[in-house]
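What follows is the content of input.json (JSON, C-alpha atoms).
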[["chain", "number", "residue", "atom", "x", "y", "z"],
["A", 1, "ASP", "CA", 18.17, -8.26, -8.19],
["A", 2, "ALA", "CA", 15.85, -5.78, -9.85],
["A", 3, "GLY", "CA", 12.84, -4.72, -7.86],
["A", 4, "VAL", "CA", 9.40, -3.95, -9.22],
["A", 5, "THR", "CA", 9.83, -1.61, -12.17],
["A", 6, "GLN", "CA", 7.16, 0.77, -13.41],
["A", 7, "SER", "CA", 7.03, 2.92, -16.50],
["A", 8, "PRO", "CA", 6.77, 5.71, -17.19],
["A", 9, "THR", "CA", 7.80, 7.44, -13.96],
["A", 10, "HIS", "CA", 5.86, 10.60, -14.78],
["A", 11, "LEU", "CA", 3.05, 11.29, -17.20],
["A", 12, "ILE", "CA", 0.98, 14.34, -18.07],
["A", 13, "LYS", "CA", -2.35, 13.89, -19.84],
["A", 14, "THR", "CA", -5.42, 16.01, -20.51],
["A", 15, "ARG", "CA", -8.99, 15.25, -19.55],
["A", 16, "GLY", "CA", -10.68, 12.67, -21.75],
["A", 17, "GLN", "CA", -7.47, 11.02, -22.85],
["A", 18, "HIS", "CA", -6.47, 7.42, -22.28],
["A", 19, "VAL", "CA", -3.38, 6.22, -20.41],
["A", 20, "THR", "CA", -1.49, 2.91, -20.12],
["A", 21, "LEU", "CA", 0.82, 2.25, -17.20],
["A", 22, "ARG", "CA", 3.23, -0.68, -17.16],
["A", 23, "CYS", "CA", 4.67, -2.85, -14.44],
["A", 24, "SER", "CA", 7.31, -5.58, -14.37],
["A", 25, "PRO", "CA", 7.24, -7.69, -11.21],
["A", 26, "ILE", "CA", 10.21, -9.15, -9.43],
["A", 27, "SER", "CA", 11.44, -12.27, -11.19],
["A", 28, "GLY", "CA", 9.55, -15.29, -9.88],
["A", 29, "HIS", "CA", 6.60, -13.26, -8.61],
["A", 30, "LYS", "CA", 3.29, -14.31, -10.12],
["A", 31, "SER", "CA", 0.96, -11.80, -8.48],
["A", 32, "VAL", "CA", 0.64, -8.14, -9.41],
["A", 33, "SER", "CA", -1.55, -5.60, -7.65],
["A", 34, "TRP", "CA", -2.30, -2.00, -8.57],
["A", 35, "TYR", "CA", -2.95, 0.80, -6.07],
["A", 36, "GLN", "CA", -3.82, 4.47, -6.48],
["A", 37, "GLN", "CA", -2.27, 6.92, -4.02],
["A", 38, "VAL", "CA", -3.71, 10.42, -4.01],
["A", 39, "LEU", "CA", -1.46, 13.07, -2.47],
["A", 40, "GLY", "CA", -1.67, 12.96, 1.32],
["A", 41, "GLN", "CA", -3.64, 9.70, 1.41],
["A", 42, "GLY", "CA", -2.90, 6.02, 1.75],
["A", 43, "PRO", "CA", -2.86, 3.75, -1.29],
["A", 44, "GLN", "CA", -6.25, 2.50, -2.51],
["A", 45, "PHE", "CA", -6.57, -0.99, -4.01],
["A", 46, "ILE", "CA", -7.52, -1.09, -7.69],
["A", 47, "PHE", "CA", -6.80, -4.62, -8.99],
["A", 48, "GLN", "CA", -5.00, -7.83, -8.23],
["A", 49, "TYR", "CA", -3.92, -10.31, -10.89],
["A", 50, "TYR", "CA", -2.50, -13.76, -10.27],
["A", 51, "GLU", "CA", -1.50, -16.18, -12.99],
["A", 52, "LYS", "CA", -3.03, -13.83, -15.58],
["A", 53, "GLU", "CA", -6.46, -13.88, -13.96],
["A", 54, "GLU", "CA", -8.18, -11.07, -12.10],
["A", 55, "ARG", "CA", -8.40, -12.06, -8.44],
["A", 56, "GLY", "CA", -9.63, -8.82, -6.95],
["A", 57, "ARG", "CA", -11.11, -5.48, -7.91],
["A", 58, "GLY", "CA", -11.46, -2.38, -5.76],
["A", 59, "ASN", "CA", -14.14, 0.28, -5.85],
["A", 60, "PHE", "CA", -13.08, 1.97, -9.08],
["A", 61, "PRO", "CA", -15.19, 2.75, -12.17],
["A", 62, "ASP", "CA", -15.11, 0.65, -15.33],
["A", 63, "ARG", "CA", -12.83, 3.25, -16.90],
["A", 64, "PHE", "CA", -10.08, 1.40, -15.06],
["A", 65, "SER", "CA", -8.96, -1.92, -16.49],
["A", 66, "ALA", "CA", -5.88, -4.09, -16.29],
["A", 67, "ARG", "CA", -4.35, -7.25, -17.57],
["A", 68, "GLN", "CA", -1.44, -9.54, -16.85],
["A", 69, "PHE", "CA", 0.72, -11.08, -19.53],
["A", 70, "PRO", "CA", 2.26, -14.57, -19.74],
["A", 71, "ASN", "CA", 5.57, -13.17, -18.41],
["A", 72, "TYR", "CA", 3.59, -11.82, -15.39],
["A", 73, "SER", "CA", 4.11, -8.17, -16.33],
["A", 74, "SER", "CA", 0.99, -6.05, -16.15],
["A", 75, "GLU", "CA", -0.71, -3.02, -17.66],
["A", 76, "LEU", "CA", -3.18, -0.65, -16.05],
["A", 77, "ASN", "CA", -5.40, 1.24, -18.46],
["A", 78, "VAL", "CA", -7.51, 4.27, -17.62],
["A", 79, "ASN", "CA", -9.96, 5.67, -20.17],
["A", 80, "ALA", "CA", -11.66, 9.05, -20.33],
["A", 81, "LEU", "CA", -9.31, 10.60, -17.79],
["A", 82, "LEU", "CA", -10.72, 12.95, -15.17],
["A", 83, "LEU", "CA", -8.89, 15.56, -13.11],
["A", 84, "GLY", "CA", -9.48, 13.34, -10.07],
["A", 85, "ASP", "CA", -7.43, 10.55, -11.62],
["A", 86, "SER", "CA", -4.28, 12.57, -10.88],
["A", 87, "ALA", "CA", -2.35, 10.39, -8.45],
["A", 88, "LEU", "CA", 0.64, 8.14, -7.91],
["A", 89, "TYR", "CA", -0.14, 4.69, -9.33],
["A", 90, "LEU", "CA", 1.69, 1.93, -7.53],
["A", 91, "CYS", "CA", 2.32, -1.59, -8.68],
["A", 92, "ALA", "CA", 3.17, -4.32, -6.18],
["A", 93, "SER", "CA", 4.23, -7.88, -6.74],
["A", 94, "SER", "CA", 4.34, -10.97, -4.57],
["A", 95, "ILE", "CA", 5.19, -14.61, -5.03],
["A", 96, "GLY", "CA", 1.69, -15.90, -4.33],
["A", 97, "GLN", "CA", -1.80, -14.43, -4.50],
["A", 98, "GLY", "CA", -2.47, -13.99, -0.79],
["A", 99, "VAL", "CA", -1.89, -10.49, 0.57],
["A", 100, "ARG", "CA", -0.15, -12.02, 3.56],
["A", 101, "GLU", "CA", 2.64, -12.70, 1.13],
["A", 102, "LYS", "CA", 5.17, -9.91, 1.37],
["A", 103, "LEU", "CA", 4.20, -7.20, -1.10],
["A", 104, "PHE", "CA", 7.01, -5.41, -2.91],
["A", 105, "PHE", "CA", 6.02, -2.01, -4.29],
["A", 106, "GLY", "CA", 7.53, -0.17, -7.22],
["A", 107, "SER", "CA", 8.26, 3.56, -7.06],
["A", 108, "GLY", "CA", 5.11, 4.32, -8.98],
["A", 109, "THR", "CA", 3.95, 6.34, -11.96],
["A", 110, "GLN", "CA", 2.99, 9.92, -11.15],
["A", 111, "LEU", "CA", 0.01, 10.79, -13.37],
["A", 112, "SER", "CA", -1.09, 14.38, -13.75],
["A", 113, "VAL", "CA", -4.35, 15.09, -15.57],
["A", 114, "LEU", "CA", -4.78, 18.69, -16.74],
["B", 1, "GLN", "CA", -16.53, -0.76, 7.82],
["B", 2, "GLN", "CA", -13.56, -1.16, 5.54],
["B", 3, "GLN", "CA", -11.82, 1.93, 6.92],
["B", 4, "VAL", "CA", -8.63, 2.04, 8.92],
["B", 5, "LYS", "CA", -8.23, 5.26, 10.90],
["B", 6, "GLN", "CA", -4.70, 6.46, 11.60],
["B", 7, "SER", "CA", -3.35, 9.16, 13.91],
["B", 8, "PRO", "CA", -1.59, 11.48, 14.22],
["B", 9, "GLN", "CA", -1.36, 12.96, 10.74],
["B", 10, "SER", "CA", 2.13, 14.25, 11.51],
["B", 11, "LEU", "CA", 4.59, 13.68, 14.33],
["B", 12, "ILE", "CA", 7.85, 15.32, 15.36],
["B", 13, "VAL", "CA", 10.11, 13.39, 17.73],
["B", 14, "GLN", "CA", 13.53, 14.16, 19.06],
["B", 15, "LYS", "CA", 16.40, 11.82, 18.14],
["B", 16, "GLY", "CA", 16.55, 8.96, 20.61],
["B", 17, "GLY", "CA", 12.91, 9.31, 21.59],
["B", 18, "ILE", "CA", 9.97, 6.95, 21.07],
["B", 19, "SER", "CA", 7.65, 7.50, 18.11],
["B", 20, "ILE", "CA", 4.12, 6.16, 18.50],
["B", 21, "ILE", "CA", 1.54, 5.91, 15.71],
["B", 22, "ASN", "CA", -1.95, 4.59, 16.30],
["B", 23, "CYS", "CA", -4.54, 2.89, 14.12],
["B", 24, "ALA", "CA", -8.09, 1.70, 14.68],
["B", 25, "TYR", "CA", -10.37, -0.47, 12.58],
["B", 26, "GLU", "CA", -14.06, -1.40, 12.53],
["B", 27, "ASN", "CA", -14.24, -4.63, 10.60],
["B", 28, "THR", "CA", -13.64, -7.63, 12.86],
["B", 29, "ALA", "CA", -12.97, -9.77, 9.80],
["B", 30, "PHE", "CA", -9.59, -8.10, 9.38],
["B", 31, "ASP", "CA", -6.94, -10.60, 10.40],
["B", 32, "TYR", "CA", -3.62, -9.24, 9.15],
["B", 33, "PHE", "CA", -2.14, -5.88, 10.11],
["B", 34, "PRO", "CA", 1.06, -4.69, 8.39],
["B", 35, "TRP", "CA", 2.89, -1.40, 8.71],
["B", 36, "TYR", "CA", 4.54, 0.22, 5.70],
["B", 37, "GLN", "CA", 7.25, 2.87, 5.50],
["B", 38, "GLN", "CA", 7.40, 5.23, 2.53],
["B", 39, "PHE", "CA", 10.19, 7.63, 1.64],
["B", 40, "PRO", "CA", 9.60, 10.51, -0.81],
["B", 41, "GLY", "CA", 9.67, 9.30, -4.41],
["B", 42, "LYS", "CA", 9.51, 5.65, -3.40],
["B", 43, "GLY", "CA", 6.81, 3.06, -3.01],
["B", 44, "PRO", "CA", 5.81, 1.76, 0.43],
["B", 45, "ALA", "CA", 8.01, -0.94, 1.96],
["B", 46, "LEU", "CA", 6.80, -3.52, 4.46],
["B", 47, "LEU", "CA", 8.20, -2.80, 7.90],
["B", 48, "ILE", "CA", 6.53, -5.25, 10.25],
["B", 49, "ALA", "CA", 3.23, -7.13, 10.42],
["B", 50, "ILE", "CA", 1.08, -8.81, 13.07],
["B", 51, "ARG", "CA", -1.87, -11.19, 13.26],
["B", 52, "PRO", "CA", -4.55, -10.89, 15.97],
["B", 53, "ASP", "CA", -3.50, -14.06, 17.78],
["B", 54, "VAL", "CA", -0.61, -12.17, 19.40],
["B", 55, "SER", "CA", -0.64, -8.89, 21.34],
["B", 56, "GLU", "CA", 2.85, -7.70, 20.47],
["B", 57, "LYS", "CA", 5.53, -8.24, 17.86],
["B", 58, "LYS", "CA", 9.01, -6.78, 17.97],
["B", 59, "GLU", "CA", 11.60, -6.51, 15.23],
["B", 60, "GLY", "CA", 14.66, -4.52, 16.17],
["B", 61, "ARG", "CA", 13.60, -1.01, 17.16],
["B", 62, "PHE", "CA", 10.07, -1.50, 15.75],
["B", 63, "THR", "CA", 7.22, -2.94, 17.84],
["B", 64, "ILE", "CA", 3.55, -3.48, 16.99],
["B", 65, "SER", "CA", 1.13, -3.55, 19.91],
["B", 66, "PHE", "CA", -2.28, -5.06, 19.15],
["B", 67, "ASN", "CA", -5.48, -4.74, 21.20],
["B", 68, "LYS", "CA", -8.10, -7.02, 19.68],
["B", 69, "SER", "CA", -10.93, -6.04, 22.02],
["B", 70, "ALA", "CA", -10.43, -2.34, 21.33],
["B", 71, "LYS", "CA", -9.78, -2.97, 17.62],
["B", 72, "GLN", "CA", -6.65, -0.88, 17.80],
["B", 73, "PHE", "CA", -3.00, -1.39, 16.97],
["B", 74, "SER", "CA", 0.04, 0.83, 17.17],
["B", 75, "LEU", "CA", 3.60, 1.12, 15.94],
["B", 76, "HIS", "CA", 6.34, 2.06, 18.38],
["B", 77, "ILE", "CA", 9.75, 3.12, 17.09],
["B", 78, "MET", "CA", 12.31, 3.03, 19.88],
["B", 79, "ASP", "CA", 15.47, 5.16, 19.84],
["B", 80, "SER", "CA", 14.13, 7.08, 16.82],
["B", 81, "GLN", "CA", 16.78, 8.18, 14.32],
["B", 82, "PRO", "CA", 16.80, 10.86, 11.60],
["B", 83, "GLY", "CA", 16.81, 8.03, 9.03],
["B", 84, "ASP", "CA", 13.40, 6.99, 10.33],
["B", 85, "SER", "CA", 11.92, 10.23, 8.97],
["B", 86, "ALA", "CA", 9.32, 9.00, 6.48],
["B", 87, "THR", "CA", 5.59, 8.50, 6.07],
["B", 88, "TYR", "CA", 4.19, 5.46, 7.86],
["B", 89, "PHE", "CA", 1.01, 3.67, 6.87],
["B", 90, "CYS", "CA", -0.89, 1.07, 8.83],
["B", 91, "ALA", "CA", -2.97, -1.38, 6.83],
["B", 92, "ALA", "CA", -5.35, -4.27, 7.32],
["B", 93, "SER", "CA", -6.67, -7.16, 5.30],
["B", 94, "GLY", "CA", -8.94, -10.14, 5.64],
["B", 95, "SER", "CA", -10.36, -12.93, 3.54],
["B", 96, "PHE", "CA", -13.10, -11.03, 1.70],
["B", 97, "GLY", "CA", -12.81, -12.85, -1.56],
["B", 98, "ASN", "CA", -9.95, -10.65, -2.66],
["B", 99, "GLU", "CA", -6.79, -10.17, -0.70],
["B", 100, "LYS", "CA", -6.61, -6.39, -0.83],
["B", 101, "LEU", "CA", -4.87, -4.19, 1.70],
["B", 102, "THR", "CA", -6.85, -1.32, 3.23],
["B", 103, "PHE", "CA", -4.44, 1.46, 4.16],
["B", 104, "GLY", "CA", -4.68, 4.19, 6.76],
["B", 105, "THR", "CA", -4.17, 7.82, 5.76],
["B", 106, "GLY", "CA", -0.53, 7.93, 6.81],
["B", 107, "THR", "CA", 1.62, 9.66, 9.43],
["B", 108, "ARG", "CA", 4.49, 11.90, 8.41],
["B", 109, "LEU", "CA", 7.22, 11.32, 10.97],
["B", 110, "THR", "CA", 10.08, 13.78, 11.39],
["B", 111, "ILE", "CA", 12.99, 13.01, 13.71],
["B", 112, "ILE", "CA", 14.89, 16.12, 14.78],
["B", 113, "PRO", "CA", 18.47, 16.10, 16.15]]

Starting from the file, lay out its structure as structure tokens.
Amino acid sequence: DAGVTQSPTHLIKTRGQHVTLRCSPISGHKSVSWYQQVLGQGPQFIFQYYEKEERGRGNFPDRFSARQFPNYSSELNVNALLLGDSALYLCASSIGQGVREKLFFGSGTQLSVL
Amino acid sequence: QQQVKQSPQSLIVQKGGISIINCAYENTAFDYFPWYQQFPGKGPALLIAIRPDVSEKKEGRFTISFNKSAKQFSLHIMDSQPGDSATYFCAASGSFGNEKLTFGTGTRLTIIP
């Protein structure tokens, strides 16, 4: 069975640009969460979507947005990129919306902002 | 109050030894405490998790010890093996309206022969 897949795996952008990251959850999983992992730190929660609705938002500026599609895949969008947005962006899926459900993480998208 | 503090930042243990990683939290509303293992180039993978109604949970060589009064919990890896070399993250969550995980800063564990 395929795990959580994220694309692209690596991305280089310049300040001020916009980026879209994509995530396909494990088949049958209806919840997708996004986390930002800065080098040397633990992942930080950005968003959770369940059944195409936003169920949680972390402490990130409005430049960050996301959505979930009818097939439960998800996109994370970041506008007006800053150098500090350079990080590994992780997508995680679970069957239900509660975090006590086992979260399965993808390998992430490494974003570098120059 | 949402922080989870993790120590040590890095740890070197001899093969066959016991690896111990500690975490502490402030928010008493946290009620779920998982540990994640992350290898380079991969996302974190759930290792073991505990709820505060028990003081210890064991799965194979991995044990979580939980001290509710001290607001601390720890991961013990018995008979540590080179394949256990990875970064370990503790995390916590509670019912705050969104079911997010708050992660610690991570411990880079190296098992030497």

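If you measure from each of B:Cys23, B:Val54, B:Ile112, B:Ala92 to B:Leu75 using only C-alpha atoms, the closest one turns out to be B:Cys23.
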
- Item | Closest of A:Ile26, A:Leu11, A:Ala2, A:Val32 to A:Ser86 - atom-to-atom distances counting all atoms listed in the file | A:Leu11

- Query: Once you count only C-alpha atoms, which residues of chain A turn out to be within 7 Å of chain B? Could you give them as a PyMOL selection string?
  - Reply: chain A and resi 41-45+55-56+90+98-99+104-108

- Message: List the spatial neighbours of stretch 47-50 of chain A as JSON, numbers by chain - criterion: any atom at most 8 Å away, only C-alpha atoms, same-chain residues fewer than 6 positions off excluded.
- Response: {"A": [30, 31, 32, 33, 34, 35, 56, 57, 58, 66, 67, 68, 96, 97], "B": [98, 100]}

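Atom CA of A:Gln36 sits 26.3 Å away from atom CA of B:Ile20.
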
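Proximity ranking of A:His29, A:His10, A:Arg100, A:Arg63 relative to B:Ile50 places A:Arg100 first, based on only C-alpha atoms.
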
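Atom CA of B:Val13 is found 22.3 Å from atom CA of B:Phe66.
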
Would you mind completing stretch 49-68 of chain A so that it carries N, CA, C and O atoms, and writing it out as a compact mmCIF listing (two decimals), keeping the file's coordinate frame?
# COMPACT_ATOMS: atom_id res chain seq x y z
N TYR A 49 -3.99 -9.24 -9.90
CA TYR A 49 -3.92 -10.31 -10.89
C TYR A 49 -2.95 -11.38 -10.40
O TYR A 49 -1.90 -11.07 -9.83
N TYR A 50 -3.35 -12.63 -10.62
CA TYR A 50 -2.50 -13.76 -10.27
C TYR A 50 -2.61 -14.78 -11.38
O TYR A 50 -3.73 -15.15 -11.77
N GLU A 51 -1.50 -15.21 -11.90
CA GLU A 51 -1.50 -16.18 -12.99
C GLU A 51 -2.41 -15.74 -14.13
O GLU A 51 -3.18 -16.53 -14.67
N LYS A 52 -2.34 -14.45 -14.44
CA LYS A 52 -3.03 -13.83 -15.58
C LYS A 52 -4.54 -13.71 -15.39
O LYS A 52 -5.23 -13.31 -16.32
N GLU A 53 -5.02 -14.02 -14.21
CA GLU A 53 -6.46 -13.88 -13.96
C GLU A 53 -6.71 -12.81 -12.90
O GLU A 53 -5.96 -12.68 -11.94
N GLU A 54 -7.80 -12.06 -13.08
CA GLU A 54 -8.18 -11.07 -12.10
C GLU A 54 -8.64 -11.77 -10.83
O GLU A 54 -9.57 -12.57 -10.85
N ARG A 55 -8.04 -11.44 -9.71
CA ARG A 55 -8.40 -12.06 -8.44
C ARG A 55 -9.03 -11.07 -7.47
O ARG A 55 -9.52 -11.46 -6.42
N GLY A 56 -9.01 -9.81 -7.82
CA GLY A 56 -9.63 -8.82 -6.95
C GLY A 56 -9.78 -7.50 -7.66
O GLY A 56 -8.97 -7.15 -8.52
N ARG A 57 -10.84 -6.78 -7.32
CA ARG A 57 -11.11 -5.48 -7.91
C ARG A 57 -11.60 -4.56 -6.82
O ARG A 57 -12.49 -4.93 -6.04
N GLY A 58 -11.03 -3.37 -6.75
CA GLY A 58 -11.46 -2.38 -5.76
C GLY A 58 -12.62 -1.56 -6.28
O GLY A 58 -13.17 -1.82 -7.36
N ASN A 59 -12.98 -0.55 -5.53
CA ASN A 59 -14.14 0.28 -5.85
C ASN A 59 -13.76 1.40 -6.82
O ASN A 59 -13.70 2.57 -6.44
N PHE A 60 -13.45 1.02 -8.03
CA PHE A 60 -13.08 1.97 -9.08
C PHE A 60 -14.01 1.78 -10.27
O PHE A 60 -14.49 0.67 -10.52
N PRO A 61 -14.27 2.87 -11.02
CA PRO A 61 -15.19 2.75 -12.17
C PRO A 61 -14.62 1.88 -13.28
O PRO A 61 -13.42 1.58 -13.31
N ASP A 62 -15.50 1.53 -14.21
CA ASP A 62 -15.11 0.65 -15.33
C ASP A 62 -14.11 1.30 -16.27
O ASP A 62 -13.57 0.62 -17.15
N ARG A 63 -13.85 2.59 -16.08
CA ARG A 63 -12.83 3.25 -16.90
C ARG A 63 -11.44 2.67 -16.61
O ARG A 63 -10.51 2.81 -17.39
N PHE A 64 -11.33 2.04 -15.46
CA PHE A 64 -10.08 1.40 -15.06
C PHE A 64 -10.12 -0.07 -15.47
O PHE A 64 -11.09 -0.77 -15.16
N SER A 65 -9.07 -0.52 -16.14
CA SER A 65 -8.96 -1.92 -16.49
C SER A 65 -7.50 -2.33 -16.43
O SER A 65 -6.60 -1.48 -16.43
N ALA A 66 -7.27 -3.61 -16.37
CA ALA A 66 -5.88 -4.09 -16.29
C ALA A 66 -5.80 -5.46 -16.91
O ALA A 66 -6.82 -6.12 -17.19
N ARG A 67 -4.58 -5.88 -17.13
CA ARG A 67 -4.35 -7.25 -17.57
C ARG A 67 -2.94 -7.67 -17.18
O ARG A 67 -2.07 -6.82 -16.92
N GLN A 68 -2.75 -8.98 -17.15
CA GLN A 68 -1.44 -9.54 -16.85
C GLN A 68 -1.02 -10.44 -17.99
O GLN A 68 -1.84 -11.22 -18.51
